[in-house]
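File shown: work_22.cif (mmCIF, C-alpha atoms).
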```
data_entry
#
loop_
_atom_site.group_PDB
_atom_site.id
_atom_site.type_symbol
_atom_site.label_atom_id
_atom_site.label_comp_id
_atom_site.auth_asym_id
_atom_site.auth_seq_id
_atom_site.Cartn_x
_atom_site.Cartn_y
_atom_site.Cartn_z
ATOM 1 C CA MET A 87 0.000 0.000 0.000
ATOM 2 C CA SER A 88 1.254 3.488 -0.801
ATOM 3 C CA LEU A 89 0.995 6.704 1.178
ATOM 4 C CA GLN A 90 -1.310 9.427 -0.051
ATOM 5 C CA LYS A 91 0.671 12.200 -1.793
ATOM 6 C CA PRO A 92 0.845 15.140 0.623
ATOM 7 C CA LEU A 93 -0.429 18.557 -0.340
ATOM 8 C CA MET A 94 2.537 20.164 -2.109
ATOM 9 C CA ARG A 95 1.403 23.517 -3.356
ATOM 10 C CA GLY A 96 -1.354 26.128 -3.200
ATOM 11 C CA MET A 97 -1.494 26.194 0.596
ATOM 12 C CA LEU A 98 -1.298 29.951 0.875
ATOM 13 C CA GLY A 99 -3.902 30.391 -1.871
ATOM 14 C CA LYS A 100 -6.180 27.957 -0.083
ATOM 15 C CA ARG A 101 -5.727 29.854 3.181
ATOM 16 C CA LEU A 102 -6.408 33.173 1.485
ATOM 17 C CA ARG A 103 -9.486 31.810 -0.282
ATOM 18 C CA PHE A 104 -10.773 30.762 3.124
ATOM 19 C CA HIS A 105 -9.854 33.818 5.166
ATOM 20 C CA LEU A 106 -10.208 36.805 2.827
ATOM 21 C CA PRO A 107 -13.951 36.442 2.246
ATOM 22 C CA ILE A 108 -14.412 36.182 6.024
ATOM 23 C CA ALA A 109 -12.210 39.269 6.508
ATOM 24 C CA PHE A 110 -14.129 41.338 3.968
ATOM 25 C CA SER A 111 -17.461 40.154 5.331
ATOM 26 C CA LEU A 112 -16.514 40.978 8.918
ATOM 27 C CA SER A 113 -15.285 44.421 7.943
ATOM 28 C CA LEU A 114 -18.490 45.126 6.010
ATOM 29 C CA LEU A 115 -20.446 43.887 9.003
ATOM 30 C CA ALA A 116 -18.503 46.250 11.284
ATOM 31 C CA ALA A 117 -19.279 49.166 8.963
ATOM 32 C CA ILE A 118 -22.977 48.270 8.722
ATOM 33 C CA ALA A 119 -23.167 47.795 12.511
ATOM 34 C CA PHE A 120 -21.601 51.228 13.066
ATOM 35 C CA LYS A 121 -23.959 52.788 10.541
ATOM 36 C CA TYR A 122 -27.098 51.387 12.161
ATOM 37 C CA ALA A 123 -25.900 51.605 15.775
ATOM 38 C CA VAL A 124 -24.398 55.106 15.663
ATOM 39 C CA THR A 125 -24.844 57.048 12.410
ATOM 40 C CA GLU A 126 -28.556 56.531 11.773
ATOM 41 C CA PRO A 127 -29.630 56.902 15.451
ATOM 42 C CA ARG A 128 -27.674 60.170 15.641
ATOM 43 C CA LYS A 129 -29.357 61.534 12.501
ATOM 44 C CA GLN A 130 -32.738 60.455 13.850
ATOM 45 C CA ALA A 131 -32.004 61.985 17.274
ATOM 46 C CA TYR A 132 -31.270 65.365 15.713
ATOM 47 C CA ALA A 133 -34.339 65.148 13.446
ATOM 48 C CA ASP A 134 -36.569 64.197 16.400
ATOM 49 C CA PHE A 135 -35.108 66.924 18.595
ATOM 50 C CA TYR A 136 -35.851 69.690 16.117
ATOM 51 C CA LYS A 137 -39.243 68.271 15.108
ATOM 52 C CA GLN A 138 -40.593 68.872 18.618
ATOM 53 C CA TYR A 139 -38.404 71.866 19.444
ATOM 54 C CA ASP A 140 -40.115 74.961 20.727
ATOM 55 C CA ALA A 141 -37.423 77.631 20.742
ATOM 56 C CA THR A 142 -39.501 80.144 22.693
ATOM 57 C CA LYS A 143 -40.374 77.654 25.433
ATOM 58 C CA GLU A 144 -36.766 76.502 25.745
ATOM 59 C CA PHE A 145 -35.520 80.087 25.741
ATOM 60 C CA ASN A 146 -37.919 81.043 28.533
ATOM 61 C CA ALA A 147 -36.907 78.000 30.576
ATOM 62 C CA MET A 148 -33.224 78.907 30.175
ATOM 63 C CA ARG A 149 -33.959 82.535 31.012
ATOM 64 C CA GLU A 150 -35.814 81.529 34.197
ATOM 65 C CA ALA A 151 -32.813 79.382 35.125
ATOM 66 C CA GLY A 152 -30.610 82.462 34.853
ATOM 67 C CA ILE A 153 -28.361 81.122 32.116
ATOM 68 C CA PHE A 154 -28.329 84.240 30.017
ATOM 69 C CA GLU A 155 -26.509 87.419 30.951
ATOM 70 C CA SER A 156 -28.102 89.621 28.297
ATOM 71 C CA VAL A 157 -31.612 88.705 29.407
ATOM 72 C CA ARG A 158 -32.830 88.437 32.965
ATOM 73 C CA THR A 159 -35.981 86.915 34.429
ATOM 74 C CA GLY A 160 -38.873 89.299 34.208
ATOM 75 C CA LYS A 161 -37.021 92.246 32.687
ATOM 76 C CA VAL A 162 -34.080 92.953 30.480
ATOM 77 C CA LYS A 163 -30.718 93.680 32.158
ATOM 78 C CA MET B 1193 -19.369 73.055 26.338
ATOM 79 C CA ALA B 1194 -17.456 69.816 26.760
ATOM 80 C CA HIS B 1195 -18.333 67.487 29.620
ATOM 81 C CA PRO B 1196 -16.109 65.089 31.592
ATOM 82 C CA SER B 1197 -15.164 61.805 29.867
ATOM 83 C CA GLN B 1198 -16.606 63.074 26.616
ATOM 84 C CA LEU B 1199 -15.347 61.150 23.574
ATOM 85 C CA GLY B 1200 -17.168 62.702 20.633
ATOM 86 C CA PHE B 1201 -18.040 66.187 19.463
ATOM 87 C CA GLN B 1202 -20.182 68.585 21.459
ATOM 88 C CA ASP B 1203 -23.867 68.698 20.508
ATOM 89 C CA ALA B 1204 -24.303 70.678 17.317
ATOM 90 C CA ALA B 1205 -25.915 74.103 17.630
ATOM 91 C CA SER B 1206 -25.712 75.063 13.956
ATOM 92 C CA PRO B 1207 -26.707 73.325 10.695
ATOM 93 C CA VAL B 1208 -23.090 73.210 9.505
ATOM 94 C CA MET B 1209 -21.955 71.493 12.694
ATOM 95 C CA GLU B 1210 -24.710 68.899 12.260
ATOM 96 C CA GLU B 1211 -23.403 68.181 8.768
ATOM 97 C CA LEU B 1212 -19.869 67.906 10.121
ATOM 98 C CA LEU B 1213 -21.054 65.437 12.759
ATOM 99 C CA HIS B 1214 -22.716 63.239 10.131
ATOM 100 C CA PHE B 1215 -19.644 63.413 7.886
ATOM 101 C CA HIS B 1216 -17.433 62.414 10.796
ATOM 102 C CA ASP B 1217 -19.702 59.421 11.438
ATOM 103 C CA HIS B 1218 -19.411 58.475 7.767
ATOM 104 C CA ALA B 1219 -15.597 58.754 7.782
ATOM 105 C CA LEU B 1220 -15.358 56.849 11.072
ATOM 106 C CA MET B 1221 -17.499 54.072 9.626
ATOM 107 C CA ILE B 1222 -14.950 53.726 6.797
ATOM 108 C CA VAL B 1223 -12.128 53.771 9.353
ATOM 109 C CA PHE B 1224 -13.766 50.892 11.231
ATOM 110 C CA LEU B 1225 -14.241 49.012 7.948
ATOM 111 C CA ILE B 1226 -10.567 49.234 7.044
ATOM 112 C CA SER B 1227 -9.329 48.669 10.594
ATOM 113 C CA THR B 1228 -11.398 45.499 10.974
ATOM 114 C CA LEU B 1229 -10.047 44.180 7.682
ATOM 115 C CA VAL B 1230 -6.438 44.963 8.600
ATOM 116 C CA LEU B 1231 -6.774 43.545 12.118
ATOM 117 C CA TYR B 1232 -8.213 40.289 10.804
ATOM 118 C CA ILE B 1233 -5.411 40.005 8.239
ATOM 119 C CA ILE B 1234 -2.750 40.685 10.893
ATOM 120 C CA VAL B 1235 -4.151 37.981 13.169
ATOM 121 C CA ALA B 1236 -4.375 35.549 10.241
ATOM 122 C CA MET B 1237 -0.764 36.315 9.221
ATOM 123 C CA VAL B 1238 0.743 35.809 12.673
ATOM 124 C CA SER B 1239 -1.249 32.671 13.437
ATOM 125 C CA THR B 1240 -0.277 30.639 10.373
ATOM 126 C CA LYS B 1241 2.017 27.599 10.329
ATOM 127 C CA LEU B 1242 2.869 28.289 6.687
ATOM 128 C CA THR B 1243 6.445 29.358 6.104
ATOM 129 C CA ASN B 1244 6.326 30.273 2.455
ATOM 130 C CA LYS B 1245 3.689 32.932 2.584
ATOM 131 C CA TYR B 1246 4.934 35.651 0.269
ATOM 132 C CA ILE B 1247 3.051 35.823 -2.985
ATOM 133 C CA LEU B 1248 5.486 36.728 -5.706
ATOM 134 C CA ASP B 1249 2.992 38.276 -8.040
ATOM 135 C CA SER B 1250 -0.684 38.340 -8.809
ATOM 136 C CA GLN B 1251 -2.230 40.748 -11.248
ATOM 137 C CA GLU B 1252 -5.696 40.100 -9.841
ATOM 138 C CA ILE B 1253 -4.866 41.147 -6.305
ATOM 139 C CA GLU B 1254 -2.911 44.166 -7.553
ATOM 140 C CA VAL B 1255 -5.986 45.365 -9.439
ATOM 141 C CA ILE B 1256 -8.213 44.812 -6.425
ATOM 142 C CA TRP B 1257 -6.026 46.628 -3.943
ATOM 143 C CA THR B 1258 -5.668 49.578 -6.289
ATOM 144 C CA ILE B 1259 -9.294 49.968 -7.327
ATOM 145 C CA LEU B 1260 -10.834 49.349 -3.908
ATOM 146 C CA PRO B 1261 -8.862 52.057 -2.016
ATOM 147 C CA ALA B 1262 -9.519 54.503 -4.855
ATOM 148 C CA PHE B 1263 -13.227 53.784 -4.556
ATOM 149 C CA ILE B 1264 -13.114 54.248 -0.783
ATOM 150 C CA LEU B 1265 -11.326 57.574 -1.208
ATOM 151 C CA ILE B 1266 -14.023 58.761 -3.592
ATOM 152 C CA LEU B 1267 -16.647 57.684 -1.039
ATOM 153 C CA ILE B 1268 -14.933 59.975 1.490
ATOM 154 C CA ALA B 1269 -14.173 62.828 -0.909
ATOM 155 C CA LEU B 1270 -17.679 63.411 -2.253
ATOM 156 C CA PRO B 1271 -19.412 64.255 1.056
ATOM 157 C CA SER B 1272 -16.270 66.062 2.167
ATOM 158 C CA LEU B 1273 -16.312 68.418 -0.822
ATOM 159 C CA ARG B 1274 -20.048 68.898 -0.373
ATOM 160 C CA ILE B 1275 -19.546 70.141 3.161
ATOM 161 C CA LEU B 1276 -16.552 72.224 2.172
ATOM 162 C CA TYR B 1277 -18.643 74.171 -0.317
ATOM 163 C CA LEU B 1278 -21.559 74.309 2.105
ATOM 164 C CA MET B 1279 -19.305 75.946 4.699
ATOM 165 C CA ASP B 1280 -18.191 78.510 2.119
ATOM 166 C CA GLU B 1281 -21.697 79.726 1.427
ATOM 167 C CA ILE B 1282 -22.369 83.079 3.039
ATOM 168 C CA ASN B 1283 -25.962 83.898 2.256
ATOM 169 C CA ASP B 1284 -26.874 87.457 3.119
ATOM 170 C CA PRO B 1285 -25.906 87.698 6.799
ATOM 171 C CA HIS B 1286 -28.264 89.672 9.050
ATOM 172 C CA LEU B 1287 -25.424 90.878 11.226
ATOM 173 C CA THR B 1288 -21.678 91.346 10.945
ATOM 174 C CA ILE B 1289 -19.510 91.230 14.057
ATOM 175 C CA LYS B 1290 -15.791 91.850 14.220
ATOM 176 C CA ALA B 1291 -13.913 89.617 16.630
ATOM 177 C CA MET B 1292 -10.449 90.941 17.356
ATOM 178 C CA GLY B 1293 -7.881 88.853 19.188
ATOM 179 C CA HIS B 1294 -5.578 90.489 21.689
ATOM 180 C CA GLN B 1295 -3.114 89.224 24.234
ATOM 181 C CA TRP B 1296 -5.117 87.934 26.087
ATOM 182 C CA TYR B 1297 -8.751 88.745 25.473
ATOM 183 C CA TRP B 1298 -11.223 89.126 22.623
ATOM 184 C CA SER B 1299 -12.967 92.316 21.628
ATOM 185 C CA TYR B 1300 -16.204 92.433 19.678
ATOM 186 C CA GLU B 1301 -17.435 95.250 17.478
ATOM 187 C CA TYR B 1302 -21.010 95.542 16.244
ATOM 188 C CA THR B 1303 -20.753 98.385 13.737
ATOM 189 C CA ASP B 1304 -23.608 97.645 11.315
ATOM 190 C CA TYR B 1305 -25.867 100.347 12.720
ATOM 191 C CA GLU B 1306 -24.158 102.037 15.657
ATOM 192 C CA ASP B 1307 -20.659 101.828 17.106
ATOM 193 C CA LEU B 1308 -20.900 99.132 19.741
ATOM 194 C CA GLY B 1309 -17.690 97.582 20.965
ATOM 195 C CA PHE B 1310 -16.566 95.840 24.131
ATOM 196 C CA ASP B 1311 -13.823 93.621 25.467
ATOM 197 C CA SER B 1312 -14.329 90.080 26.662
ATOM 198 C CA TYR B 1313 -11.957 88.901 29.368
ATOM 199 C CA MET B 1314 -11.974 85.502 31.024
ATOM 200 C CA LEU B 1315 -13.589 85.472 34.464
ATOM 201 C CA PRO B 1316 -10.860 84.578 36.971
ATOM 202 C CA THR B 1317 -11.470 81.324 38.826
ATOM 203 C CA GLN B 1318 -11.765 83.039 42.193
ATOM 204 C CA ASP B 1319 -14.542 85.288 40.836
ATOM 205 C CA LEU B 1320 -16.740 82.495 39.527
ATOM 206 C CA ALA B 1321 -20.252 82.040 40.903
ATOM 207 C CA PRO B 1322 -21.463 78.482 41.688
ATOM 208 C CA GLY B 1323 -22.444 76.723 38.475
ATOM 209 C CA GLN B 1324 -20.145 78.751 36.258
ATOM 210 C CA PHE B 1325 -17.469 77.026 34.215
ATOM 211 C CA ARG B 1326 -13.786 77.369 35.053
ATOM 212 C CA LEU B 1327 -11.614 78.878 32.264
ATOM 213 C CA LEU B 1328 -14.668 79.199 29.999
ATOM 214 C CA GLU B 1329 -16.686 82.118 31.348
ATOM 215 C CA ALA B 1330 -16.111 85.661 30.140
ATOM 216 C CA ASP B 1331 -17.188 88.964 31.613
ATOM 217 C CA HIS B 1332 -18.944 90.087 28.418
ATOM 218 C CA ARG B 1333 -20.512 87.606 26.060
ATOM 219 C CA MET B 1334 -20.922 87.951 22.323
ATOM 220 C CA VAL B 1335 -24.709 88.133 22.023
ATOM 221 C CA ILE B 1336 -26.331 87.199 18.724
ATOM 222 C CA PRO B 1337 -29.890 86.738 17.486
ATOM 223 C CA VAL B 1338 -30.900 83.074 17.193
ATOM 224 C CA GLU B 1339 -31.696 81.514 13.780
ATOM 225 C CA SER B 1340 -30.108 84.456 11.932
ATOM 226 C CA PRO B 1341 -27.085 84.175 9.619
ATOM 227 C CA ILE B 1342 -24.188 85.895 11.353
ATOM 228 C CA ARG B 1343 -20.964 86.935 9.667
ATOM 229 C CA VAL B 1344 -17.896 87.154 11.891
ATOM 230 C CA LEU B 1345 -14.823 89.018 10.674
ATOM 231 C CA VAL B 1346 -11.860 87.751 12.627
ATOM 232 C CA SER B 1347 -8.558 89.493 13.017
ATOM 233 C CA ALA B 1348 -5.893 90.177 15.617
ATOM 234 C CA GLU B 1349 -4.161 93.187 17.034
ATOM 235 C CA ASP B 1350 -0.875 91.597 18.024
ATOM 236 C CA VAL B 1351 -0.060 87.915 17.474
ATOM 237 C CA LEU B 1352 -1.907 84.987 15.930
ATOM 238 C CA HIS B 1353 -5.081 83.858 17.687
ATOM 239 C CA SER B 1354 -7.975 81.707 16.552
ATOM 240 C CA TRP B 1355 -11.668 82.241 17.185
ATOM 241 C CA ALA B 1356 -13.326 78.875 17.713
ATOM 242 C CA VAL B 1357 -16.700 77.701 19.009
ATOM 243 C CA PRO B 1358 -16.940 73.910 18.575
ATOM 244 C CA SER B 1359 -20.707 73.531 19.009
ATOM 245 C CA LEU B 1360 -21.306 76.076 16.241
ATOM 246 C CA GLY B 1361 -18.748 74.389 13.970
ATOM 247 C CA VAL B 1362 -16.666 77.539 13.695
ATOM 248 C CA LYS B 1363 -12.923 78.050 13.809
ATOM 249 C CA MET B 1364 -11.135 80.903 12.086
ATOM 250 C CA ASP B 1365 -7.576 82.093 12.530
ATOM 251 C CA ALA B 1366 -7.083 85.644 13.728
ATOM 252 C CA VAL B 1367 -4.111 86.990 11.792
ATOM 253 C CA PRO B 1368 -2.764 90.502 12.409
ATOM 254 C CA GLY B 1369 -3.203 92.646 9.328
ATOM 255 C CA ARG B 1370 -5.710 90.223 7.763
ATOM 256 C CA LEU B 1371 -9.475 90.008 7.880
ATOM 257 C CA ASN B 1372 -10.854 86.473 7.814
ATOM 258 C CA GLN B 1373 -14.550 85.879 7.285
ATOM 259 C CA THR B 1374 -16.693 83.098 8.665
ATOM 260 C CA ALA B 1375 -20.428 82.693 9.081
ATOM 261 C CA PHE B 1376 -22.836 80.574 11.039
ATOM 262 C CA ILE B 1377 -26.438 80.266 12.148
ATOM 263 C CA ALA B 1378 -27.303 79.378 15.753
ATOM 264 C CA SER B 1379 -30.124 76.836 15.382
ATOM 265 C CA ARG B 1380 -31.337 77.187 18.949
ATOM 266 C CA PRO B 1381 -31.047 79.657 21.835
ATOM 267 C CA GLY B 1382 -28.384 79.005 24.407
ATOM 268 C CA VAL B 1383 -24.849 79.758 25.518
ATOM 269 C CA PHE B 1384 -21.973 78.306 23.505
ATOM 270 C CA TYR B 1385 -18.380 78.204 24.661
ATOM 271 C CA GLY B 1386 -15.077 78.163 22.825
ATOM 272 C CA GLN B 1387 -11.408 78.816 23.481
ATOM 273 C CA CYS B 1388 -8.583 80.510 21.649
ATOM 274 C CA SER B 1389 -7.181 77.946 19.240
ATOM 275 C CA GLU B 1390 -3.803 79.317 18.216
ATOM 276 C CA ILE B 1391 -0.900 79.588 20.640
ATOM 277 C CA CYS B 1392 -0.500 83.212 21.504
ATOM 278 C CA GLY B 1393 1.570 83.461 24.646
ATOM 279 C CA ALA B 1394 1.359 82.900 28.356
ATOM 280 C CA ASN B 1395 -2.420 83.227 28.674
ATOM 281 C CA HIS B 1396 -3.419 81.481 25.470
ATOM 282 C CA SER B 1397 -5.564 79.049 27.486
ATOM 283 C CA PHE B 1398 -7.238 81.898 29.371
ATOM 284 C CA MET B 1399 -9.037 83.887 26.678
ATOM 285 C CA PRO B 1400 -12.302 82.043 26.098
ATOM 286 C CA ILE B 1401 -15.135 82.874 23.732
ATOM 287 C CA VAL B 1402 -18.750 82.882 24.914
ATOM 288 C CA VAL B 1403 -21.574 83.260 22.410
ATOM 289 C CA GLU B 1404 -25.097 83.866 23.706
ATOM 290 C CA ALA B 1405 -27.930 83.252 21.216
ATOM 291 C CA VAL B 1406 -31.232 84.927 22.133
ATOM 292 C CA PRO B 1407 -34.379 85.842 20.177
ATOM 293 C CA LEU B 1408 -34.121 88.969 18.061
ATOM 294 C CA GLN B 1409 -36.169 91.273 20.280
ATOM 295 C CA TYR B 1410 -33.962 90.478 23.263
ATOM 296 C CA PHE B 1411 -30.852 90.998 21.160
ATOM 297 C CA GLU B 1412 -32.120 94.431 20.137
ATOM 298 C CA LYS B 1413 -32.840 95.377 23.749
ATOM 299 C CA TRP B 1414 -29.401 94.144 24.798
ATOM 300 C CA SER B 1415 -27.618 96.137 22.098
ATOM 301 C CA SER B 1416 -29.571 99.305 23.027
ATOM 302 C CA LEU B 1417 -28.604 98.854 26.678
ATOM 303 C CA MET B 1418 -24.971 98.222 25.756
ATOM 304 C CA LEU B 1419 -24.919 101.401 23.678
ATOM 305 C CA GLU B 1420 -26.339 103.387 26.593
ATOM 306 C CA ASP B 1421 -23.570 102.030 28.798
#
```

Representation of the structure as structure tokens:
Amino acid sequence: MSLQKPLMRGMLGKRLRFHLPIAFSLSLLAAIAFKYAVTEPRKQAYADFYKQYDATKEFNAMREAGIFESVRTGKVK
Amino acid sequence: MAHPSQLGFQDAASPVMEELLHFHDHALMIVFLISTLVLYIIVAMVSTKLTNKYILDSQEIEVIWTILPAFILILIALPSLRILYLMDEINDPHLTIKAMGHQWYWSYEYTDYEDLGFDSYMLPTQDLAPGQFRLLEADHRMVIPVESPIRVLVSAEDVLHSWAVPSLGVKMDAVPGRLNQTAFIASRPGVFYGQCSEICGANHSFMPIVVEAVPLQYFEKWSSLMLED
């Protein structure tokens, strides 16, 4: 009986053909995860904030809290 | 202003800063894409038992790793150029303010209608009231009307300074003998802080910028009162 001929060539190519698709897929996955975990929520947060934003109400609340120096509660400085 | 352990940008208070935030997210997404790829390849390269692992040539891979980076660069460049041109648009400002850098304070001049000018020095730490921010508060704030395009002409009287307010997405060098123009719109009322951003001597870290955005009628009352003073 004879031994099976060992694998002589193409080992690196075989390794690359196995690993590179996984590498590219993982990196795409990381990018998509970042997009849907960070980028899109941030855009939505800003859109939602300004959709409901009442500048006058917020300004009056900040004025009552004494944040502004040019405008004081009740009357102008 | 910035808060402790903050990693990202301050909340945007102008449309341009919002665009910059979204562009940064886009660029960071590409950074994560490339970093993940490189990290995986590094781990795969150091964990192999193969000894002959150097490809001598391959036209296919050369084409791929030329075209793909070029494509990624275009993906970054297009939104980048869009924002660059967006930032350059100065559409009919309602107000022009001159911000002059000195060693070591800012002075603001509102000369559109009357001659209003004042200096803005940092409030010393020992003079701060509870709740005020160390090294950020100034004795006189630059007051602007909210939701109005503002043009700021920045220059300096002595050495280089830089007028920067991160939450408004503004930074402009103050160069003696030169007038630099920048513009912004404050999307919401509030108080926005910045610091001098060009080394200018011993007290470079102690000449902050404070912008106060209020509704127009309050801005008008403030400017009348300032003129009376």

Using only C-alpha atoms, which residue out of A:Ala117, A:Met94, A:Ala147, A:Leu102 lies closest to chain B?
A:Ala117

Do you know which residues are at most 12 Å from A:Ile108 counting all atoms listed in the file, after dropping those on the same chain fewer than 3 positions away, and could you put them as a PyMOL selection string?
(chain A and resi 101-105+111-115) or (chain B and resi 1228-1229+1232-1233+1236)

Run the PyMOL selection byres ((chain B and resi 1307) around 12) on the file and write out the hits as a list in words.
Ile1289, Lys1290, Tyr1300, Glu1301, Tyr1302, Thr1303, Asp1304, Tyr1305, Glu1306, Leu1308, Gly1309, Phe1310, Ser1415, Ser1416, Met1418, Leu1419 and Glu1420 of chain B

For chain A, report every residue with an atom at most 9 Å from chain B (counting all atoms listed in the file), formatted as number ranges by chain.
A: 97-99, 105-106, 108-121, 124-125, 128-129, 132, 139, 141-142, 144-145, 148, 153-157, 162-163

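Between atom CA of B:Trp1298 and atom CA of B:Asp1311 there is a distance of 5.9 Å.
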
With 8 Å as the threshold, what does the neighbourhood of (-18.6, 67.0, 17.5) contain in terms of residues, counting only C-alpha atoms? Coordinates are those of the file; answer as a list in words.
Gly1200, Phe1201, Gln1202, Asp1203, Ala1204, Met1209, Leu1212, Leu1213, Pro1358 and Ser1359 of chain B

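Using only C-alpha atoms for every distance, the candidate list B:Gln1295, B:Ser1347, B:Ser1239, B:Gln1387 yields B:Gln1387 as the residue closest to B:Val1362.
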